[in-house]
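*Asks:* So that we are looking at the same thing, I have put the structure below in structure tokens.
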Amino acid sequence: MEARAQTWQLASTLDSVDWAEAHVLSIAKKAGFDEDACSDIGISVRESMVNAVVHGNHYSTEKKVNLSVDVSSSTLTMIIEDSGSGLDLSTLPDPLAEENLLRPSGRGLLIIGAFMDEFAVERRAEGGTRMRLVKNRPAA
Amino acid sequence: MSVKLTNRQVGDVTVVDAEGRITLGDGASTFRDLIKDLVGNGNKKLLVNLGEVSYIDSSGIGELVSGFTTVQNAGGSMKLLNLNKRVKDLLQITKLYTVFEVHDDEAAGVRSFS
């Protein structure tokens, strides 16, 4: 069961990216995550927020990013939603393929997947992309 | 704190000392501009010291890659120095450890260009 959920609706700006990272980190520290885990969480939230602000909403002042954070007894769950056209994973180049190693972008989702215990990306029925990131809490 | 970049010559090698964060909107473009300027001025042996970089995201990683290709396309080479554990982890996750030559010792890094 997830409890103590907090939600925010954020402008599509890089300031929102910084704000989200800092606030989720604060929550993670209070939840008992160590420094390494906090670094994993911080960069994953940052990459998700950048994806939403830059690639999803294209910095539109008309579009918001929804951030939700739930702390349960066993997990920290973060949900980031944008209002863009919706990410189609099948169209994204594999960043680990030899021919793509020197591309300047396209590594954000790979990094999130490496640092989170669960990571899911889906297109929202109402439009946009929803990313769900889960980090398991340390044993008490 | 965004990134602070300074460069110095060690023989014919240009050492770029980076300090702070290399992230989207917070240092990534600064890094790109410096590398282009250095290459434009004929500096083709670059050793990028990341020892004081506290944070780098995928945009920062992308700028390292862009710098690498910019220097390579000009007939030079760009190598990395003093990676902390976090940056090493990111380069391994992204398989870029197979692309960049990485050194832990500046003198050895400089000599490697000979």
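Chain labels A, B, ... are given in the sequence in which chains occur in the structure tokens; within each chain residues are numbered consecutively from 1, and ligands are likewise numbered from 1 in the order shown.
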Near Met116 (chain A), counting only C-alpha atoms, which residues have an atom at most 9 Å away, once you skip same-chain residues fewer than 6 positions from it, shown as a PyMOL selection string?

*Replies:* chain A and resi 40-41+44+133-136

*Asks:* Neighbours of Pro95 (chain A) within 9 Å (only C-alpha atoms; same-chain residues fewer than 4 positions away dropped), as a list in words?

*Replies:* Glu99, Asn100, Leu101, Leu102, Arg103, Ser105, Gly106, Arg107 and Leu110 of chain A; Thr94 and Lys95 of chain B

*Asks:* Would you write out those residues with N, CA and C atoms, as a short mmCIF file (atom, residue, chain, number, x, y, z; two decimals), in the first residue's frame?

*Replies:*
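Printed below is selection-v1.cif as written:
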data_model
loop_
_atom_site.label_atom_id
_atom_site.label_comp_id
_atom_site.auth_asym_id
_atom_site.auth_seq_id
_atom_site.Cartn_x
_atom_site.Cartn_y
_atom_site.Cartn_z
N GLU A 99 26.73 1.77 -33.43
CA GLU A 99 26.57 2.91 -34.34
C GLU A 99 25.98 4.14 -33.64
N ASN A 100 25.46 3.94 -32.41
CA ASN A 100 24.85 5.07 -31.70
C ASN A 100 25.69 5.59 -30.54
N LEU A 101 26.83 4.98 -30.29
CA LEU A 101 27.61 5.35 -29.10
C LEU A 101 28.05 6.81 -29.12
N LEU A 102 28.26 7.35 -30.30
CA LEU A 102 28.75 8.74 -30.38
C LEU A 102 27.62 9.75 -30.61
N ARG A 103 26.39 9.30 -30.46
CA ARG A 103 25.28 10.27 -30.54
C ARG A 103 25.30 11.15 -29.29
N SER A 105 22.87 12.48 -27.68
CA SER A 105 21.71 12.40 -26.79
C SER A 105 21.11 10.99 -26.84
N GLY A 106 20.06 10.79 -26.03
CA GLY A 106 19.33 9.52 -26.08
C GLY A 106 19.71 8.53 -24.99
N ARG A 107 20.37 9.01 -23.92
CA ARG A 107 20.82 8.09 -22.87
C ARG A 107 20.01 8.20 -21.57
N LEU A 110 18.03 5.07 -20.45
CA LEU A 110 18.98 4.02 -20.10
C LEU A 110 19.51 4.23 -18.67
N THR B 94 26.58 3.52 -19.99
CA THR B 94 26.35 3.99 -21.36
C THR B 94 27.34 3.40 -22.37
N LYS B 95 28.21 2.54 -21.88
CA LYS B 95 29.23 1.87 -22.72
C LYS B 95 30.27 2.83 -23.28
#

*Asks:* Tell me the residues of chain B close to chain A, meaning within 12 Å using only C-alpha atoms, as JSON, numbers by chain.

*Replies:* {"B": [1, 23, 24, 25, 26, 28, 32, 54, 55, 56, 57, 58, 59, 60, 61, 62, 63, 64, 65, 66, 67, 68, 69, 70, 72, 85, 86, 87, 89, 90, 91, 92, 93, 94, 95, 96, 97, 98, 99, 100]}

*Asks:* Write a file of the selected residues as a short mmCIF file (atom, residue, chain, number, x, y, z; two decimals), in the first residue's frame, keeping C-alpha atoms.

*Replies:*
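Final output, saved to again07.cif:
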data_model
loop_
_atom_site.label_atom_id
_atom_site.label_comp_id
_atom_site.auth_asym_id
_atom_site.auth_seq_id
_atom_site.Cartn_x
_atom_site.Cartn_y
_atom_site.Cartn_z
CA MET B 1 26.84 25.75 -8.90
CA THR B 23 23.99 19.34 -16.68
CA LEU B 24 21.40 20.59 -19.13
CA GLY B 25 21.22 24.36 -18.91
CA ASP B 26 23.83 24.38 -16.20
CA ALA B 28 26.75 21.61 -20.69
CA ARG B 32 30.74 22.65 -25.61
CA SER B 54 30.35 16.87 -8.56
CA TYR B 55 27.49 15.95 -10.87
CA ILE B 56 26.92 15.09 -14.49
CA ASP B 57 23.69 14.05 -16.22
CA SER B 58 22.94 12.57 -19.64
CA SER B 59 23.20 16.02 -21.23
CA GLY B 60 26.65 16.44 -19.71
CA ILE B 61 27.62 12.99 -20.93
CA GLY B 62 26.35 14.04 -24.36
CA GLU B 63 28.61 17.09 -24.27
CA LEU B 64 31.62 14.92 -23.48
CA VAL B 65 30.75 12.81 -26.51
CA SER B 66 30.26 15.90 -28.69
CA GLY B 67 33.61 17.24 -27.53
CA PHE B 68 35.24 13.94 -28.31
CA THR B 69 33.89 13.91 -31.87
CA THR B 70 34.67 17.62 -32.41
CA GLN B 72 38.50 13.78 -33.41
CA LYS B 85 32.90 6.83 -9.04
CA ARG B 86 29.66 8.40 -10.23
CA VAL B 87 31.04 9.46 -13.60
CA ASP B 89 29.40 4.36 -13.34
CA LEU B 90 27.68 6.52 -15.95
CA LEU B 91 30.34 5.81 -18.57
CA GLN B 92 30.03 2.09 -17.89
CA ILE B 93 26.23 2.11 -18.06
CA THR B 94 26.35 3.99 -21.36
CA LYS B 95 29.23 1.87 -22.72
CA LEU B 96 31.28 5.00 -23.23
CA TYR B 97 34.11 3.52 -21.22
CA THR B 98 34.89 1.71 -24.47
CA VAL B 99 35.09 5.04 -26.31
CA PHE B 100 37.03 7.34 -23.98
#

*Asks:* From the list A:Ile80, A:Val71, A:Leu87, A:Val54, which residue is nearest Gly32 (chain A) when using only C-alpha atoms?

*Replies:*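 For Gly32 (chain A), the nearest of the candidates is A:Val71.
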
*Asks:* Among the residues of chain B, find those DSSP assigns to strand (DSSP E) from the backbone and print them as a VMD selection string.

*Replies:* chain B and resid 4 to 10 13 to 22 45 to 56 77 to 81 102 to 103

*Asks:* Between A:Ala28, A:Thr7, A:His23, A:Asp88, which has the minimum distance to Asn66 (chain A) (counting only C-alpha atoms)?

*Replies:*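 Closest to Asn66 (chain A), using only C-alpha atoms: A:Thr7.
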
*Asks:* Just asking: which residues within chain A are alpha helix (DSSP H) according to DSSP, as an NGL selection string?

*Replies:* :A and (14-30 or 35-50 or 108-115)

*Asks:* Quick one, how far is CA of Gly128 (chain A) from CA of Asp94 (chain A)?

*Replies:*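 Distance reported for this atom pair: 21.6 Å.
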
*Asks:* Contacts of region 102-114 of chain B at 10 Å or less, counting only C-alpha atoms, minus same-chain residues fewer than 2 places along, as a PyMOL selection string?

*Replies:* chain B and resi 10-15+45-49+51+76-84+88+97-100
